[in-house]
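Notes follow once the structure below has been shown.
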Amino acid sequence: MKSTKLIFMLALSLMIFNCSSDSSDDLKEEEEMNPGTTALTYDGDIRSIINNNCNQCHGSTPSNGAPFSLTTYAQVSGRVDRIIARTNSSTSPMPPSGQINSSLRAMIQQWKDDGLLEN
Ligand code: HEC
């Protein structure tokens, strides 16, 4: 009876110890990956970049020969790899008039690295 109680207490304290050390490890990992920043989101960061630089052709009704619309989260996140490739291309950039500035291009890459959050 006495030893059962002891084992129970031991198991309980191990569980508590595990939980608390796990969550602080997770927090630390997240801080190291992304020091001092919050994750970028479509609503907060990306929508306006696409709106200012792409939607005159890739609008809800595409124009000027653009093959698709880039006006919703699903459309933009679904094509993020082609968007990154073409915005960074020096030989056939998007927009066709020339590359947008490198900090905006870096933000699109960062959004992908942060996990393509919507908001
Ligand atoms: C002046 C009109 C215009 C603007 C502005 C424009 N595009 Fe395009 N886009 C096109 C046309 C036309 C095509 C098809 C021809 C081609 O691929 O070059 C195209 C094709 C694309 C493709 C598909 C090509 C592929 O290789 O898969 C992507 C992705 C794309 N655009 C992304 C963008 C993004 C992102 C922006 C803004 C940063 C943008 N476009 C701005 C006209 C435009």
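Here's how to read the names in the structure tokens: chain A, B, ... by the order shown, residue numbers from 1 in each chain, ligand numbers from 1 in the order shown.
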Residue neighbourhood Gln99 of chain A, 9 Å, only C-alpha atoms, exclusion window fewer than 6 positions, as a list in words: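 Within the cut-off, the hits are Arg86, Thr87, Asn88, Ser89, Ser90, Pro93 and Arg105 of chain A.
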Prev. selection, all heavy atoms, output as a PDB file, in the first residue's frame:
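Listed below is the output, selection-v6.pdb:
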ATOM      1  N   ARG A  86       9.173  34.039 -59.787  1.00  0.00           N
ATOM      2  CA  ARG A  86       9.062  35.108 -60.793  1.00  0.00           C
ATOM      3  C   ARG A  86       9.371  36.491 -60.221  1.00  0.00           C
ATOM      4  O   ARG A  86       9.915  37.331 -60.943  1.00  0.00           O
ATOM      5  CB  ARG A  86       7.679  35.064 -61.438  1.00  0.00           C
ATOM      6  CG  ARG A  86       7.460  33.849 -62.358  1.00  0.00           C
ATOM      7  CD  ARG A  86       8.396  33.823 -63.551  1.00  0.00           C
ATOM      8  NE  ARG A  86       8.158  34.937 -64.453  1.00  0.00           N
ATOM      9  CZ  ARG A  86       7.327  34.899 -65.495  1.00  0.00           C
ATOM     10  NH1 ARG A  86       6.670  33.780 -65.760  1.00  0.00           N
ATOM     11  NH2 ARG A  86       7.165  35.944 -66.265  1.00  0.00           N
ATOM     12  N   THR A  87       9.042  36.753 -58.980  1.00  0.00           N
ATOM     13  CA  THR A  87       9.387  38.079 -58.445  1.00  0.00           C
ATOM     14  C   THR A  87      10.907  38.215 -58.296  1.00  0.00           C
ATOM     15  O   THR A  87      11.433  39.324 -58.380  1.00  0.00           O
ATOM     16  CB  THR A  87       8.708  38.371 -57.078  1.00  0.00           C
ATOM     17  OG1 THR A  87       8.932  37.276 -56.194  1.00  0.00           O
ATOM     18  CG2 THR A  87       7.225  38.611 -57.240  1.00  0.00           C
ATOM     19  N   ASN A  88      11.607  37.113 -58.113  1.00  0.00           N
ATOM     20  CA  ASN A  88      13.068  37.178 -57.973  1.00  0.00           C
ATOM     21  C   ASN A  88      13.814  36.968 -59.287  1.00  0.00           C
ATOM     22  O   ASN A  88      15.042  37.085 -59.314  1.00  0.00           O
ATOM     23  CB  ASN A  88      13.546  36.154 -56.945  1.00  0.00           C
ATOM     24  CG  ASN A  88      13.166  36.559 -55.537  1.00  0.00           C
ATOM     25  OD1 ASN A  88      13.587  37.604 -55.043  1.00  0.00           O
ATOM     26  ND2 ASN A  88      12.342  35.753 -54.897  1.00  0.00           N
ATOM     27  N   SER A  89      13.096  36.655 -60.358  1.00  0.00           N
ATOM     28  CA  SER A  89      13.762  36.412 -61.632  1.00  0.00           C
ATOM     29  C   SER A  89      14.284  37.723 -62.212  1.00  0.00           C
ATOM     30  O   SER A  89      13.579  38.737 -62.226  1.00  0.00           O
ATOM     31  CB  SER A  89      12.764  35.773 -62.609  1.00  0.00           C
ATOM     32  OG  SER A  89      13.285  35.821 -63.923  1.00  0.00           O
ATOM     33  N   SER A  90      15.514  37.720 -62.681  1.00  0.00           N
ATOM     34  CA  SER A  90      16.024  38.928 -63.330  1.00  0.00           C
ATOM     35  C   SER A  90      15.750  38.897 -64.826  1.00  0.00           C
ATOM     36  O   SER A  90      15.692  39.941 -65.470  1.00  0.00           O
ATOM     37  CB  SER A  90      17.513  39.109 -63.046  1.00  0.00           C
ATOM     38  OG  SER A  90      18.198  37.909 -63.296  1.00  0.00           O
ATOM     39  N   PRO A  93      10.971  38.915 -64.816  1.00  0.00           N
ATOM     40  CA  PRO A  93      10.405  39.245 -63.501  1.00  0.00           C
ATOM     41  C   PRO A  93       8.899  39.478 -63.530  1.00  0.00           C
ATOM     42  O   PRO A  93       8.328  39.755 -64.586  1.00  0.00           O
ATOM     43  CB  PRO A  93      11.135  40.546 -63.135  1.00  0.00           C
ATOM     44  CG  PRO A  93      11.462  41.173 -64.436  1.00  0.00           C
ATOM     45  CD  PRO A  93      11.732  40.033 -65.387  1.00  0.00           C
ATOM     46  N   ARG A 105      10.301  41.513 -51.601  1.00  0.00           N
ATOM     47  CA  ARG A 105      10.500  40.123 -52.045  1.00  0.00           C
ATOM     48  C   ARG A 105      10.884  39.239 -50.859  1.00  0.00           C
ATOM     49  O   ARG A 105      10.419  38.106 -50.741  1.00  0.00           O
ATOM     50  CB  ARG A 105      11.575  40.076 -53.132  1.00  0.00           C
ATOM     51  CG  ARG A 105      11.051  40.622 -54.452  1.00  0.00           C
ATOM     52  CD  ARG A 105      12.073  40.505 -55.558  1.00  0.00           C
ATOM     53  NE  ARG A 105      12.969  41.645 -55.607  1.00  0.00           N
ATOM     54  CZ  ARG A 105      14.300  41.551 -55.742  1.00  0.00           C
ATOM     55  NH1 ARG A 105      14.886  40.377 -55.823  1.00  0.00           N
ATOM     56  NH2 ARG A 105      15.036  42.628 -55.790  1.00  0.00           N
TER      57      ARG A 105
END
I want to know what sits within 12 Å of Ser48 of chain A, based on only C-alpha atoms, with residues of the same chain fewer than 6 positions away left out; could you give that as a PyMOL selection string? chain A and resi 41-42+54-55+70-73+76+104+107-108
Write the residues you've just listed into a file as a PDB file, in the first residue's frame, and include N, CA and C atoms for each of them.
ATOM      1  N   THR A  41       1.723  37.605 -42.029  1.00  0.00           N
ATOM      2  CA  THR A  41       0.445  37.024 -42.426  1.00  0.00           C
ATOM      3  C   THR A  41      -0.017  37.612 -43.764  1.00  0.00           C
ATOM      4  N   TYR A  42      -0.898  36.864 -44.429  1.00  0.00           N
ATOM      5  CA  TYR A  42      -1.473  37.354 -45.674  1.00  0.00           C
ATOM      6  C   TYR A  42      -2.242  38.653 -45.433  1.00  0.00           C
ATOM      7  N   CYS A  54       0.618  43.735 -58.322  1.00  0.00           N
ATOM      8  CA  CYS A  54       0.230  42.606 -59.167  1.00  0.00           C
ATOM      9  C   CYS A  54      -1.226  42.664 -59.616  1.00  0.00           C
ATOM     10  N   ASN A  55      -2.101  43.236 -58.799  1.00  0.00           N
ATOM     11  CA  ASN A  55      -3.530  43.105 -59.079  1.00  0.00           C
ATOM     12  C   ASN A  55      -4.006  43.941 -60.269  1.00  0.00           C
ATOM     13  N   LEU A  70      -4.869  36.859 -58.598  1.00  0.00           N
ATOM     14  CA  LEU A  70      -4.146  36.737 -57.316  1.00  0.00           C
ATOM     15  C   LEU A  70      -4.795  37.667 -56.296  1.00  0.00           C
ATOM     16  N   THR A  71      -6.076  37.416 -56.028  1.00  0.00           N
ATOM     17  CA  THR A  71      -6.781  38.337 -55.129  1.00  0.00           C
ATOM     18  C   THR A  71      -7.260  37.680 -53.839  1.00  0.00           C
ATOM     19  N   THR A  72      -7.088  36.380 -53.688  1.00  0.00           N
ATOM     20  CA  THR A  72      -7.522  35.738 -52.440  1.00  0.00           C
ATOM     21  C   THR A  72      -6.340  35.026 -51.775  1.00  0.00           C
ATOM     22  N   TYR A  73      -6.504  34.752 -50.492  1.00  0.00           N
ATOM     23  CA  TYR A  73      -5.484  34.007 -49.757  1.00  0.00           C
ATOM     24  C   TYR A  73      -5.176  32.684 -50.452  1.00  0.00           C
ATOM     25  N   VAL A  76      -3.113  33.147 -53.718  1.00  0.00           N
ATOM     26  CA  VAL A  76      -1.736  33.597 -53.503  1.00  0.00           C
ATOM     27  C   VAL A  76      -0.920  32.514 -52.791  1.00  0.00           C
ATOM     28  N   LEU A 104      10.535  43.816 -50.054  1.00  0.00           N
ATOM     29  CA  LEU A 104       9.204  43.242 -50.291  1.00  0.00           C
ATOM     30  C   LEU A 104       9.323  41.788 -50.747  1.00  0.00           C
ATOM     31  N   MET A 107       9.965  39.660 -47.851  1.00  0.00           N
ATOM     32  CA  MET A 107       8.779  39.446 -47.014  1.00  0.00           C
ATOM     33  C   MET A 107       7.940  38.277 -47.530  1.00  0.00           C
ATOM     34  N   ILE A 108       7.845  38.124 -48.856  1.00  0.00           N
ATOM     35  CA  ILE A 108       7.069  37.002 -49.405  1.00  0.00           C
ATOM     36  C   ILE A 108       7.739  35.675 -49.019  1.00  0.00           C
TER      37      ILE A 108
END
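Around ligand 1, the neighbouring residues within 7 Å, taking only C-alpha atoms and all ligand atoms, come to A:Ile50, A:Asn53, A:Cys54, A:Asn55, A:Gln56, A:Cys57, A:His58, A:Asn64, A:Gly65, A:Ala66, A:Pro67, A:Arg79, A:Arg82, A:Ile83, A:Arg86, A:Thr87, A:Ser92, A:Met94, A:Pro95, A:Pro96, A:Ser97, A:Ile100.
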List every residue of segment 21-115 of chain A that DSSP, applied to the backbone of this structure, places in helix (DSSP H, G or I), and write the result as a ChimeraX atom specification. /A:21-33,42-53,73-78,80-88,102-113
One-decimal distance in Å that lies between atom CA of Ile84 of chain A and atom CA of Trp111 of chain A: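 Separation between atom CA of Trp111 of chain A and atom CA of Ile84 of chain A: 10.7 Å.
Atom pair atom CA of Asp43 of chain A / atom CA of Leu117 of chain A has a distance of 8.6 Å (rounded to one decimal).
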Point out the residue among A:Leu6, A:Val80, A:Ala39, A:Ile49 with the least atom-to-atom distance to Gln109 of chain A, counting only C-alpha atoms. A:Val80
Between atom CA of Leu116 of chain A and atom CA of Thr38 of chain A, what is the distance in Å, rounded to a tenth?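 It comes out at 13.0 Å.
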